[in-house]
Amino acid sequence: MTKIDALQTAPNRNARVGFVSLGCPKALVDSERILTQLRTDGYDISPDYAGADVVVVNTCGFIDAAKQESLAAIGEALQANGKVIVTGCMGKNAEDITRVHPRVLAVTGPQQYEAVVSAVHQHAPPRQTHDPFTSLVPAARNDLGNGIGIKLTPRHYAYLKVSEGCNHTCSFCIIPSMRGKLVSRPVGEVLDEAARLVAAGVKELLVISQDTSAYGVDLKYKLDFWGGKPLRTRMKELCEGLGSLGVWVRLHYVYPYPHVDEIIPLMAEGKILPYLDIPFQHGSPAVLKRMRRPAAAENTLERIRRWREIHPGLTIRSTFIVGFPGETDSEFNELIDFLHDAQLDRVGCFTYSPVAGAAANDNEGAVPEEIKQRRWDVFMQTQAAISRERLQRKIGTVQEVLVDSVTADHAVARSMGDAPEIDGIVTLQPTAGLKPGDLVRARIDLADDYDLAGTVLAS
């Protein structure tokens with residue numbers, strides 16, 4: 001959960017909005033957009049419930065646990081403030097919210113930016129006239145004056161959303177029913193936003209969507225323009241454009257389609273980070289078929305092998321589900337074999353949780369909870385050993401790292417193989433002269449299952 005408690009607001013702004021952002025980075029980008037519009041409309045952002053005229057809760061509705069977290073956050077805001085507007089994925093089915101919290105003022109669904117802003121205007125009208133230009137005076141950590149709007153990430157990295165929605169029909173997922181079909185942004189528009197972020201001091205762009213590898217499919221790779229040059233709205237051209245900006249570019253939510261092969265040489269050339277976030281979800285072809293996963297028929301292990309031949313330093317992170325309906329012992333063992341063969345660097349795992357409205361709920365062969373947990377334990381122990389062995393190889397190497405935070409006795413940084421909040425960290429010493437956003441060279445001295453420690457080297 002991200003409570004918006006660090007924004008510096010201008011004085012003399014009487015109408016104030018509290019904000020709670022839940023869920024994935026894509027929802028965080030939605031929150032940034034809503035907050036930017038509210039600031040443009042003359043609102044201040046309250047750092048606490050008590051000081052807010054109204055509170056907006058941006059919810060997540062992907063799995064039952066996320067829904068419960070969202071309902072709890074709404075309840076907390078209602079208790080502390082009393083005036084709450086709900087938006088986001090869970091808002092797609094308003095009755096799921098109003099049944100539990102009938103006192104909410106309004107409920108809007110995901111991407112309904114105008115509707116949630118309109119609800120704020122209705123229930124907490126701006127109390128002063130304002131000039132939308134002078135109201136965008138840069139705050140301490142949010143440079144609104146340069147066109148990037150409010151950011152909820154640290155100044156040195158930002159999420160760059162390239163599309164909305166998804167065309168896939170995975171049996172365990174309801175994202176298309178909440179966020180709709182794939183809608184790609186024109187490549188020129190995306191690159192313009194990226195250039196503004198870099199000009200504002202962003203050192204790392206994290207490319208996000210529901211399926212980054214499908215970028216532009218819905219537009220039939222339409223020709224667009226950026227910097228006076230023609231570009232196709234396609235993944236490769238997008239990566240080439242981003243790679244020309246001179247900052248770290250990290251790709252998330254990529255599927256192992258053949259055209260992704262074209263991106264690996266860009267990594268080998270140093271244009272984008274050698275990092276792919278690929279949600280494989282399982283290693284058994286039979287389970288993947290029941291999951292209706294895209295690229296399920298691809299020879300994934302062979303593709304990974306070829307990628308690493310082109311760039312041996314490629315980092316691959318992924319997520320998996322154990323205990324999917326009908327998963328047998330044999331199919332789970334196929335997953336473990338896949339882990340050994342794939343040698344993935346960063347991996348997360350979830351036990352299967354039914355989601356209301358998902359097709360997989362009708363599948364036979366529900367796996368008992370105790371078996372799910374036992375399989376999760378085996379999975380995580382297996383992957384921890386793989387991760388530990390792969391990180392041990394980095395000891396003695398020199399890595400470029402990006403500093404995220406600095407204290408008196410150490411700094412926390414990330415290597416090219418570590419995305420913020422989901423991957424590992426690199427603990428650094430000495431800290432003299434370091435500040436967040438610095439790119440420095442470090443010798444790796446220690447490694448454990450997931451994290452590294454090293455010494456900052458002189459420039």
# chains A, B, ... in the order shown; residues from 1 in each chain; ligands from 1
call {"tool": "residues_around", "arguments": {"residues": "Leu78 of chain A", "least_positions_apart": "5", "cutoff": "10 Å", "atoms": "only C-alpha atoms", "output": "list in words"}}
result
Tyr49, Val54, Val55, Ala72, Ala73, Lys83, Val84, Ile85, His101, Arg103 and Val104 of chain A
call {"tool": "closest_atom_pairs", "arguments": {"of": "segment 20-77 of chain A", "to": "segment 249-270 of chain A", "cutoff": "12 Å", "atoms": "only C-alpha atoms", "output": "JSON lines"}}
result
{"residue": "A:Cys24", "atom": "CA", "partner": "A:Tyr253", "partner_atom": "CA", "distance": 11.7}
{"residue": "A:Pro25", "atom": "CA", "partner": "A:His252", "partner_atom": "CA", "distance": 10.3}
{"residue": "A:Lys26", "atom": "CA", "partner": "A:His252", "partner_atom": "CA", "distance": 10.9}
call {"tool": "write_last_selection", "arguments": {"atoms": "all heavy atoms", "output": "compact mmCIF listing (two decimals), in the first residue's frame"}}
result
# COMPACT_ATOMS: atom_id res chain seq x y z
N CYS A 24 -0.47 -2.83 -8.10
CA CYS A 24 0.72 -2.96 -8.94
C CYS A 24 1.23 -1.60 -9.42
O CYS A 24 0.57 -0.58 -9.25
CB CYS A 24 0.39 -3.84 -10.14
SG CYS A 24 -0.84 -3.10 -11.24
N PRO A 25 2.42 -1.58 -10.05
CA PRO A 25 2.93 -0.32 -10.60
C PRO A 25 2.00 0.33 -11.62
O PRO A 25 1.98 1.55 -11.74
CB PRO A 25 4.25 -0.74 -11.25
CG PRO A 25 4.70 -1.92 -10.45
CD PRO A 25 3.44 -2.66 -10.12
N LYS A 26 1.22 -0.47 -12.33
CA LYS A 26 0.29 0.12 -13.30
C LYS A 26 -0.76 0.96 -12.58
O LYS A 26 -1.15 2.04 -13.05
CB LYS A 26 -0.36 -1.00 -14.12
CG LYS A 26 0.63 -1.74 -15.02
CD LYS A 26 0.01 -2.89 -15.75
CE LYS A 26 -0.24 -4.09 -14.86
NZ LYS A 26 1.00 -4.71 -14.36
call {"tool": "closest_residue", "arguments": {"among": "A:Leu276, A:Ala359, A:Met90, A:Leu191", "to": "Gly243 of chain A", "atoms": "only C-alpha atoms"}}
result
A:Leu191
call {"tool": "select_by_dssp", "arguments": {"residues": "segment 24-231 of chain A", "states": "strand (DSSP E or B)", "output": "ChimeraX atom specification"}}
result
/A:44-45,54-59,84-88,106-107,157-161,163-164,183-184,204-208,223-226,229-231
call {"tool": "write_last_selection", "arguments": {"atoms": "N, CA and C atoms", "output": "mmCIF file, in the first residue's frame"}}
result
data_model
loop_
_atom_site.group_PDB
_atom_site.id
_atom_site.type_symbol
_atom_site.label_atom_id
_atom_site.label_comp_id
_atom_site.auth_asym_id
_atom_site.auth_seq_id
_atom_site.Cartn_x
_atom_site.Cartn_y
_atom_site.Cartn_z
ATOM 1 N N ASP A 44 -4.791 20.713 -2.917
ATOM 2 C CA ASP A 44 -3.585 20.305 -2.222
ATOM 3 C C ASP A 44 -3.726 18.839 -1.858
ATOM 4 N N ILE A 45 -2.592 18.191 -1.629
ATOM 5 C CA ILE A 45 -2.594 16.777 -1.238
ATOM 6 C C ILE A 45 -2.314 16.684 0.252
ATOM 7 N N VAL A 54 -11.514 15.083 1.567
ATOM 8 C CA VAL A 54 -12.013 13.825 1.017
ATOM 9 C C VAL A 54 -10.802 12.925 0.797
ATOM 10 N N VAL A 55 -11.005 11.612 0.868
ATOM 11 C CA VAL A 55 -9.935 10.639 0.669
ATOM 12 C C VAL A 55 -10.276 9.767 -0.534
ATOM 13 N N VAL A 56 -9.314 9.582 -1.441
ATOM 14 C CA VAL A 56 -9.467 8.685 -2.587
ATOM 15 C C VAL A 56 -8.666 7.421 -2.309
ATOM 16 N N VAL A 57 -9.287 6.261 -2.478
ATOM 17 C CA VAL A 57 -8.601 4.983 -2.342
ATOM 18 C C VAL A 57 -8.585 4.298 -3.701
ATOM 19 N N ASN A 58 -7.395 4.111 -4.254
ATOM 20 C CA ASN A 58 -7.226 3.405 -5.528
ATOM 21 C C ASN A 58 -7.000 1.934 -5.216
ATOM 22 N N THR A 59 -7.958 1.083 -5.558
ATOM 23 C CA THR A 59 -7.990 -0.299 -5.086
ATOM 24 C C THR A 59 -7.346 -1.279 -6.070
ATOM 25 N N VAL A 84 -15.062 9.259 1.637
ATOM 26 C CA VAL A 84 -14.164 8.391 0.864
ATOM 27 C C VAL A 84 -14.738 8.136 -0.521
ATOM 28 N N ILE A 85 -13.880 8.318 -1.527
ATOM 29 C CA ILE A 85 -14.197 7.980 -2.917
ATOM 30 C C ILE A 85 -13.304 6.816 -3.312
ATOM 31 N N VAL A 86 -13.870 5.809 -3.958
ATOM 32 C CA VAL A 86 -13.142 4.599 -4.309
ATOM 33 C C VAL A 86 -12.980 4.515 -5.820
ATOM 34 N N THR A 87 -11.795 4.143 -6.267
ATOM 35 C CA THR A 87 -11.547 3.946 -7.687
ATOM 36 C C THR A 87 -10.672 2.713 -7.864
ATOM 37 N N GLY A 88 -10.283 2.415 -9.103
ATOM 38 C CA GLY A 88 -9.370 1.304 -9.360
ATOM 39 C C GLY A 88 -10.062 0.018 -9.747
ATOM 40 N N ALA A 106 -18.595 7.582 -3.631
ATOM 41 C CA ALA A 106 -18.664 7.228 -5.052
ATOM 42 C C ALA A 106 -17.699 6.095 -5.320
ATOM 43 N N VAL A 107 -17.995 5.313 -6.355
ATOM 44 C CA VAL A 107 -17.121 4.213 -6.779
ATOM 45 C C VAL A 107 -16.935 4.319 -8.283
ATOM 46 N N TYR A 157 13.783 7.305 -10.282
ATOM 47 C CA TYR A 157 13.212 6.295 -11.184
ATOM 48 C C TYR A 157 11.718 6.522 -11.346
ATOM 49 N N ALA A 158 11.187 6.014 -12.461
ATOM 50 C CA ALA A 158 9.776 6.224 -12.776
ATOM 51 C C ALA A 158 9.248 5.069 -13.603
ATOM 52 N N TYR A 159 7.970 4.764 -13.400
ATOM 53 C CA TYR A 159 7.287 3.775 -14.226
ATOM 54 C C TYR A 159 6.742 4.447 -15.478
ATOM 55 N N LEU A 160 6.916 3.766 -16.605
ATOM 56 C CA LEU A 160 6.472 4.280 -17.897
ATOM 57 C C LEU A 160 5.471 3.278 -18.467
ATOM 58 N N LYS A 161 4.190 3.625 -18.403
ATOM 59 C CA LYS A 161 3.146 2.701 -18.872
ATOM 60 C C LYS A 161 2.930 2.897 -20.366
ATOM 61 N N SER A 163 0.921 0.783 -22.412
ATOM 62 C CA SER A 163 -0.385 0.345 -22.915
ATOM 63 C C SER A 163 -1.291 0.023 -21.746
ATOM 64 N N GLU A 164 -2.575 -0.081 -22.054
ATOM 65 C CA GLU A 164 -3.590 -0.509 -21.088
ATOM 66 C C GLU A 164 -4.196 -1.815 -21.571
ATOM 67 N N VAL A 183 -4.812 -1.602 -25.408
ATOM 68 C CA VAL A 183 -4.831 -0.277 -26.032
ATOM 69 C C VAL A 183 -3.432 0.309 -25.883
ATOM 70 N N SER A 184 -2.668 0.322 -26.966
ATOM 71 C CA SER A 184 -1.295 0.821 -26.922
ATOM 72 C C SER A 184 -1.257 2.331 -27.127
ATOM 73 N N GLU A 204 16.253 5.961 -14.220
ATOM 74 C CA GLU A 204 15.803 4.612 -14.588
ATOM 75 C C GLU A 204 14.338 4.649 -14.987
ATOM 76 N N LEU A 205 14.040 4.127 -16.173
ATOM 77 C CA LEU A 205 12.678 4.002 -16.664
ATOM 78 C C LEU A 205 12.260 2.546 -16.595
ATOM 79 N N LEU A 206 11.170 2.273 -15.907
ATOM 80 C CA LEU A 206 10.651 0.919 -15.772
ATOM 81 C C LEU A 206 9.419 0.794 -16.664
ATOM 82 N N VAL A 207 9.560 0.076 -17.768
ATOM 83 C CA VAL A 207 8.498 -0.042 -18.759
ATOM 84 C C VAL A 207 7.478 -1.075 -18.283
ATOM 85 N N ILE A 208 6.217 -0.660 -18.184
ATOM 86 C CA ILE A 208 5.183 -1.543 -17.663
ATOM 87 C C ILE A 208 3.960 -1.526 -18.566
ATOM 88 N N LEU A 223 2.614 3.695 -37.940
ATOM 89 C CA LEU A 223 3.734 4.617 -38.055
ATOM 90 C C LEU A 223 3.436 5.881 -37.250
ATOM 91 N N ASP A 224 4.430 6.306 -36.469
ATOM 92 C CA ASP A 224 4.313 7.529 -35.694
ATOM 93 C C ASP A 224 5.626 8.295 -35.856
ATOM 94 N N PHE A 225 5.732 9.446 -35.197
ATOM 95 C CA PHE A 225 6.936 10.257 -35.340
ATOM 96 C C PHE A 225 7.454 10.675 -33.970
ATOM 97 N N TRP A 226 8.765 10.721 -33.851
ATOM 98 C CA TRP A 226 9.404 11.217 -32.630
ATOM 99 C C TRP A 226 10.718 11.878 -33.021
ATOM 100 N N LYS A 229 11.520 11.962 -36.713
ATOM 101 C CA LYS A 229 11.830 10.727 -37.428
ATOM 102 C C LYS A 229 10.656 9.754 -37.346
ATOM 103 N N PRO A 230 10.401 8.997 -38.421
ATOM 104 C CA PRO A 230 9.310 8.023 -38.392
ATOM 105 C C PRO A 230 9.693 6.792 -37.584
ATOM 106 N N LEU A 231 8.760 6.303 -36.766
ATOM 107 C CA LEU A 231 8.959 5.093 -35.971
ATOM 108 C C LEU A 231 7.680 4.280 -35.974
#
call {"tool": "atom_distance", "arguments": {"atom1": "atom CA of His340 of chain A", "atom2": "atom CA of Ile386 of chain A"}}
result
7.5 Å
call {"tool": "atom_distance", "arguments": {"atom1": "atom CA of Ile150 of chain A", "atom2": "atom CA of Ser244 of chain A"}}
result
24.6 Å
call {"tool": "closest_residue", "arguments": {"among": "A:Lys435, A:Arg441, A:Lys181, A:His282", "to": "Asp337 of chain A", "atoms": "only C-alpha atoms"}}
result
A:His282
call {"tool": "select_by_dssp", "arguments": {"residues": "segment 56-276 of chain A", "states": "helix (DSSP H, G or I)", "output": "PyMOL selection string"}}
result
chain A and resi 64-80+89-92+94-98+113-123+134-136+144-146+175-179+187-199+212-214+217-219+235-243+258-262+264-268
call {"tool": "residues_around", "arguments": {"residues": "Gln429 of chain A", "least_positions_apart": "3", "cutoff": "7 Å", "atoms": "only C-alpha atoms", "output": "PyMOL selection string"}}
result
chain A and resi 410-411+454-456
call {"tool": "write_last_selection", "arguments": {"atoms": "N, CA and C atoms", "output": "PDB file, in the first residue's frame"}}
result
ATOM      1  N   HIS A 410      25.565   3.091   5.860  1.00  0.00           N
ATOM      2  CA  HIS A 410      25.536   2.305   4.628  1.00  0.00           C
ATOM      3  C   HIS A 410      24.565   2.929   3.624  1.00  0.00           C
ATOM      4  N   ALA A 411      24.681   2.505   2.383  1.00  0.00           N
ATOM      5  CA  ALA A 411      23.754   2.913   1.332  1.00  0.00           C
ATOM      6  C   ALA A 411      23.089   1.672   0.760  1.00  0.00           C
ATOM      7  N   GLY A 454      28.773  -4.669  -1.140  1.00  0.00           N
ATOM      8  CA  GLY A 454      29.995  -4.321  -1.834  1.00  0.00           C
ATOM      9  C   GLY A 454      30.617  -3.028  -1.360  1.00  0.00           C
ATOM     10  N   THR A 455      31.738  -2.694  -1.976  1.00  0.00           N
ATOM     11  CA  THR A 455      32.526  -1.511  -1.659  1.00  0.00           C
ATOM     12  C   THR A 455      32.472  -0.534  -2.824  1.00  0.00           C
ATOM     13  N   VAL A 456      32.153   0.705  -2.514  1.00  0.00           N
ATOM     14  CA  VAL A 456      32.122   1.748  -3.540  1.00  0.00           C
ATOM     15  C   VAL A 456      33.541   2.024  -4.017  1.00  0.00           C
TER      16      VAL A 456
END
call {"tool": "closest_residue", "arguments": {"among": "A:Gly283, A:Gly201, A:Gly228, A:Gly91", "to": "Ala115 of chain A", "atoms": "only C-alpha atoms"}}
result
A:Gly91
call {"tool": "closest_residue", "arguments": {"among": "A:Pro354, A:Gly42, A:Gly246, A:Gly227", "to": "Phe62 of chain A", "atoms": "only C-alpha atoms"}}
result
A:Pro354
call {"tool": "residues_around", "arguments": {"residues": "Gly357 of chain A", "least_positions_apart": "5", "cutoff": "10 Å", "atoms": "only C-alpha atoms", "output": "ChimeraX atom specification"}}
result
/A:171-174,177,362
call {"tool": "write_last_selection", "arguments": {"atoms": "all heavy atoms", "output": "PDB file, in the first residue's frame"}}
result
ATOM      1  N   SER A 171      -6.827 -18.385 -17.828  1.00  0.00           N
ATOM      2  CA  SER A 171      -7.993 -18.880 -17.100  1.00  0.00           C
ATOM      3  C   SER A 171      -8.019 -18.464 -15.635  1.00  0.00           C
ATOM      4  O   SER A 171      -9.071 -18.520 -14.996  1.00  0.00           O
ATOM      5  CB  SER A 171      -8.064 -20.410 -17.209  1.00  0.00           C
ATOM      6  OG  SER A 171      -6.935 -21.012 -16.606  1.00  0.00           O
ATOM      7  N   PHE A 172      -6.879 -18.026 -15.079  1.00  0.00           N
ATOM      8  CA  PHE A 172      -6.842 -17.638 -13.669  1.00  0.00           C
ATOM      9  C   PHE A 172      -6.961 -16.126 -13.480  1.00  0.00           C
ATOM     10  O   PHE A 172      -6.927 -15.630 -12.346  1.00  0.00           O
ATOM     11  CB  PHE A 172      -5.545 -18.116 -13.007  1.00  0.00           C
ATOM     12  CG  PHE A 172      -4.294 -17.600 -13.682  1.00  0.00           C
ATOM     13  CD1 PHE A 172      -3.791 -16.349 -13.396  1.00  0.00           C
ATOM     14  CD2 PHE A 172      -3.634 -18.384 -14.608  1.00  0.00           C
ATOM     15  CE1 PHE A 172      -2.653 -15.885 -14.022  1.00  0.00           C
ATOM     16  CE2 PHE A 172      -2.488 -17.928 -15.246  1.00  0.00           C
ATOM     17  CZ  PHE A 172      -2.000 -16.665 -14.949  1.00  0.00           C
ATOM     18  N   CYS A 173      -7.097 -15.373 -14.565  1.00  0.00           N
ATOM     19  CA  CYS A 173      -6.964 -13.918 -14.516  1.00  0.00           C
ATOM     20  C   CYS A 173      -8.241 -13.234 -14.984  1.00  0.00           C
ATOM     21  O   CYS A 173      -8.900 -13.690 -15.917  1.00  0.00           O
ATOM     22  CB  CYS A 173      -5.780 -13.492 -15.396  1.00  0.00           C
ATOM     23  SG  CYS A 173      -5.475 -11.705 -15.406  1.00  0.00           S
ATOM     24  N   ILE A 174      -8.572 -12.107 -14.337  1.00  0.00           N
ATOM     25  CA  ILE A 174      -9.745 -11.334 -14.737  1.00  0.00           C
ATOM     26  C   ILE A 174      -9.359  -9.916 -15.169  1.00  0.00           C
ATOM     27  O   ILE A 174     -10.221  -9.048 -15.302  1.00  0.00           O
ATOM     28  CB  ILE A 174     -10.784 -11.259 -13.594  1.00  0.00           C
ATOM     29  CG1 ILE A 174     -10.162 -10.637 -12.336  1.00  0.00           C
ATOM     30  CG2 ILE A 174     -11.352 -12.644 -13.303  1.00  0.00           C
ATOM     31  CD1 ILE A 174     -11.172 -10.345 -11.241  1.00  0.00           C
ATOM     32  N   SER A 177     -11.286  -8.337 -18.063  1.00  0.00           N
ATOM     33  CA  SER A 177     -12.650  -7.928 -17.730  1.00  0.00           C
ATOM     34  C   SER A 177     -12.656  -6.640 -16.923  1.00  0.00           C
ATOM     35  O   SER A 177     -13.647  -5.904 -16.925  1.00  0.00           O
ATOM     36  CB  SER A 177     -13.365  -9.036 -16.947  1.00  0.00           C
ATOM     37  OG  SER A 177     -12.784  -9.222 -15.671  1.00  0.00           O
ATOM     38  N   ASP A 362     -13.836 -23.176 -12.619  1.00  0.00           N
ATOM     39  CA  ASP A 362     -14.644 -24.317 -13.050  1.00  0.00           C
ATOM     40  C   ASP A 362     -13.807 -25.569 -13.295  1.00  0.00           C
ATOM     41  O   ASP A 362     -14.353 -26.631 -13.600  1.00  0.00           O
ATOM     42  CB  ASP A 362     -15.406 -23.959 -14.333  1.00  0.00           C
ATOM     43  CG  ASP A 362     -16.377 -22.803 -14.136  1.00  0.00           C
ATOM     44  OD1 ASP A 362     -16.912 -22.688 -13.013  1.00  0.00           O
ATOM     45  OD2 ASP A 362     -16.598 -22.034 -15.090  1.00  0.00           O
TER      46      ASP A 362
END
call {"tool": "residues_around", "arguments": {"residues": "His123 of chain A", "least_positions_apart": "2", "cutoff": "8 Å", "atoms": "only C-alpha atoms", "output": "number ranges by chain"}}
result
A: 54, 105, 119-121, 125
